[in-house]
Amino acid sequence: MTAVSIVSSQPTVPGTYVLLLIDVVERWNIPVEQLLSGEGLSIEDLLGSGFRLPRESFSRLIQRAIELTGEPGIGFLLGLQMKVSCHGVIGQAAMVVKTLGEALEIARAYFGVPSSDLTLSLDREGDRVRLTLSERDARYQLGAVGAQFLLTGFASMAEALTGRRLNGEGVVRFSRPSYMDRFEHLVAGPLIFDGDFNGFIFDASILEYPLVMADPVAARVAREQCKEELGRLGGGRSLVRQVRDLAFDEELGFASIEAVAEKLNMTPRTLQRKLQGEGVVFRELVESIRQQHAKRLLALRQKSIGQVSDLLGYSDVTNFSRAFRRWTGCSPRDYMKAPD
């Protein structure tokens, strides 16, 4: 089977997810070939650098695994197998930043690399934080097994990164399955069924949990590698979306148009021309990114107004405050004090 490029319009998943599935299925002594044969896959395919397969193919593999093992709760077992290292350079970056909040920000910013059809968002609601997994395309809804896999995996990886068991509530859109009693002890905190989103709600203090492998030098290098990977793979996103993702980093700040163009393997002039073809000017795009991230960073209350101002490239807080008031009609300080 030919490796699937992430620039395909079809949702894709990384081959490492299939390797996780193989590890789980092998507990039942089921030959790998028996699982993979229907999709024309081989272990060599899956071990190939950057290999991806259509999400529909992965869904069929999961269904076949359930049929072969007789285990409908295989999504939970898959999630427990998930390691940070499964996610390549994104995982490497998440492992070496200072806090869990920064690791989640890495996941939010670069989730488009491992998943071409899902987005991850972090929103603060008072003293609580909501992490949400959302579909980019309503035609590709995240099913029960997929939600079990990703949410259990997120919780498992967060505990591995911090060395601490996390307290919070999981929320899923599916109804409570009949087999849930067997997996209750594996879930970090209560799980709310028939919710209006898939994700977690947890205390904001968890964002400050330090990571056991924090390394600021390695973190900076890994962030740059994430940017390069994002530019190389594209993620099935429009050019404007790719530029938005590449132009700003939570710790590194804004990249120049030259740096963004290099990661997209084109010249700055070509990038400008293509953006103009989509009715966008790079400078105006940067301004809209500043507005978006200013609101988000202030709402999360993890950085001071001065830190946000510096990160967004303002020469001083006064200029930032003036711009923020123009965007929102209020000062940054009043915005941070406002109830969620």
# chains A, B, ... in the order shown; residues from 1 in each chain; ligands from 1

call {"tool": "residues_around", "arguments": {"residues": "A:Val96", "least_positions_apart": "3", "cutoff": "6 Å", "atoms": "only C-alpha atoms", "output": "VMD selection string"}}
result
chain A and resid 93 213 to 215 219

call {"tool": "select_by_dssp", "arguments": {"residues": "stretch 18-223 of chain A", "states": "helix (DSSP H, G or I)", "output": "PyMOL selection string"}}
result
chain A and resi 18-28+32-39+43-47+55-69+74-81+84-96+100-110+144-162+180-182+184-186+204-208+216-223

call {"tool": "atom_distance", "arguments": {"atom1": "atom CA of A:Leu100", "atom2": "atom CA of A:Leu207"}}
result
5.1 Å

call {"tool": "residues_around", "arguments": {"residues": "A:Ala299", "least_positions_apart": "2", "cutoff": "8 Å", "atoms": "only C-alpha atoms", "output": "list of chain:residue names"}}
result
A:Asp123, A:Arg124, A:Lys295, A:Arg296, A:Leu297, A:Arg301, A:Tyr335, A:Met336

call {"tool": "write_last_selection", "arguments": {"atoms": "N, CA and C atoms", "output": "mmCIF file, in the first residue's frame"}}
result
data_model
loop_
_atom_site.group_PDB
_atom_site.id
_atom_site.type_symbol
_atom_site.label_atom_id
_atom_site.label_comp_id
_atom_site.auth_asym_id
_atom_site.auth_seq_id
_atom_site.Cartn_x
_atom_site.Cartn_y
_atom_site.Cartn_z
ATOM 1 N N ASP A 123 -9.843 26.171 26.812
ATOM 2 C CA ASP A 123 -10.594 27.357 27.199
ATOM 3 C C ASP A 123 -10.729 27.399 28.718
ATOM 4 N N ARG A 124 -10.459 28.563 29.289
ATOM 5 C CA ARG A 124 -10.571 28.724 30.741
ATOM 6 C C ARG A 124 -11.967 29.174 31.103
ATOM 7 N N LYS A 295 -6.417 37.659 23.196
ATOM 8 C CA LYS A 295 -7.611 37.307 23.960
ATOM 9 C C LYS A 295 -7.444 35.957 24.657
ATOM 10 N N ARG A 296 -6.919 34.983 23.931
ATOM 11 C CA ARG A 296 -6.790 33.639 24.502
ATOM 12 C C ARG A 296 -5.793 33.607 25.653
ATOM 13 N N LEU A 297 -4.627 34.240 25.464
ATOM 14 C CA LEU A 297 -3.596 34.215 26.497
ATOM 15 C C LEU A 297 -4.027 34.963 27.752
ATOM 16 N N ARG A 301 -4.868 33.421 31.737
ATOM 17 C CA ARG A 301 -4.253 34.019 32.933
ATOM 18 C C ARG A 301 -2.994 33.290 33.392
ATOM 19 N N TYR A 335 -10.101 43.010 30.817
ATOM 20 C CA TYR A 335 -10.453 41.769 30.138
ATOM 21 C C TYR A 335 -10.106 40.559 31.017
ATOM 22 N N MET A 336 -8.959 40.628 31.699
ATOM 23 C CA MET A 336 -8.556 39.525 32.576
ATOM 24 C C MET A 336 -9.457 39.424 33.801
#

call {"tool": "atom_distance", "arguments": {"atom1": "atom CA of A:Glu184", "atom2": "atom CA of A:Leu36"}}
result
29.8 Å

call {"tool": "residues_around", "arguments": {"residues": "A:Val281", "least_positions_apart": "3", "cutoff": "12 Å", "atoms": "only C-alpha atoms", "output": "list of chain:residue names"}}
result
A:Val240, A:Val243, A:Arg244, A:Ile257, A:Arg269, A:Leu271, A:Gln272, A:Arg273, A:Lys274, A:Leu275, A:Gln276, A:Gly277, A:Glu278, A:Glu284, A:Leu285, A:Val286, A:Glu287, A:Ser288

call {"tool": "write_last_selection", "arguments": {"atoms": "N, CA and C atoms", "output": "CSV table (one decimal), in the first residue's frame"}}
result
chain,number,residue,atom,x,y,z
A,240,VAL,N,-3.9,29.7,4.0
A,240,VAL,CA,-4.0,30.7,5.1
A,240,VAL,C,-3.9,30.0,6.5
A,243,VAL,N,-0.3,29.1,7.2
A,243,VAL,CA,0.4,30.3,7.6
A,243,VAL,C,0.1,30.7,9.0
A,244,ARG,N,-1.2,30.7,9.3
A,244,ARG,CA,-1.6,31.1,10.7
A,244,ARG,C,-0.9,30.2,11.7
A,257,ILE,N,7.9,36.6,7.5
A,257,ILE,CA,7.4,35.9,6.3
A,257,ILE,C,8.4,35.1,5.6
A,269,ARG,N,8.0,35.9,-2.0
A,269,ARG,CA,7.2,36.5,-3.0
A,269,ARG,C,6.1,35.5,-3.5
A,271,LEU,N,4.8,33.2,-1.7
A,271,LEU,CA,3.8,33.1,-0.6
A,271,LEU,C,2.9,34.3,-0.6
A,272,GLN,N,3.4,35.5,-0.7
A,272,GLN,CA,2.6,36.7,-0.8
A,272,GLN,C,1.6,36.6,-1.9
A,273,ARG,N,2.1,36.1,-3.1
A,273,ARG,CA,1.2,36.0,-4.3
A,273,ARG,C,0.0,35.0,-4.0
A,274,LYS,N,0.4,33.9,-3.4
A,274,LYS,CA,-0.7,32.9,-3.1
A,274,LYS,C,-1.7,33.4,-2.1
A,275,LEU,N,-1.1,34.1,-1.1
A,275,LEU,CA,-2.0,34.6,-0.1
A,275,LEU,C,-3.0,35.6,-0.7
A,276,GLN,N,-2.4,36.5,-1.5
A,276,GLN,CA,-3.3,37.5,-2.2
A,276,GLN,C,-4.3,36.8,-3.1
A,277,GLY,N,-4.0,35.7,-3.6
A,277,GLY,CA,-5.0,34.9,-4.4
A,277,GLY,C,-6.1,34.4,-3.5
A,278,GLU,N,-5.9,34.3,-2.2
A,278,GLU,CA,-7.0,33.9,-1.3
A,278,GLU,C,-7.5,35.2,-0.6
A,284,GLU,N,-1.7,41.7,7.5
A,284,GLU,CA,-3.1,41.7,8.1
A,284,GLU,C,-3.4,40.4,8.8
A,285,LEU,N,-2.8,39.3,8.2
A,285,LEU,CA,-3.0,38.0,8.9
A,285,LEU,C,-2.3,38.0,10.2
A,286,VAL,N,-1.1,38.6,10.3
A,286,VAL,CA,-0.4,38.7,11.6
A,286,VAL,C,-1.2,39.5,12.6
A,287,GLU,N,-1.8,40.5,12.1
A,287,GLU,CA,-2.6,41.4,13.1
A,287,GLU,C,-3.8,40.6,13.6
A,288,SER,N,-4.4,39.8,12.8
A,288,SER,CA,-5.6,39.0,13.3
A,288,SER,C,-5.1,37.9,14.2

call {"tool": "atom_distance", "arguments": {"atom1": "atom CA of A:Glu208", "atom2": "atom CA of A:Lys303"}}
result
11.6 Å

call {"tool": "closest_residue", "arguments": {"among": "A:Phe197, A:Phe202, A:Phe58, A:Phe248", "to": "A:Val129", "atoms": "only C-alpha atoms"}}
result
A:Phe202

call {"tool": "select_by_dssp", "arguments": {"residues": "stretch 102-340 of chain A", "states": "strand (DSSP E or B)", "output": "ChimeraX atom specification"}}
result
/A:118-125,128-135,168-171,191-192,198-203,210,248-249,253-254

call {"tool": "residues_around", "arguments": {"residues": "stretch 187-195 of chain A", "least_positions_apart": "6", "cutoff": "9 Å", "atoms": "only C-alpha atoms", "output": "ChimeraX atom specification"}}
result
/A:76,152,155-156,165-176

call {"tool": "closest_residue", "arguments": {"among": "A:Glu102, A:Asp316, A:Glu251, A:Glu262", "to": "A:Leu211", "atoms": "only C-alpha atoms"}}
result
A:Glu102
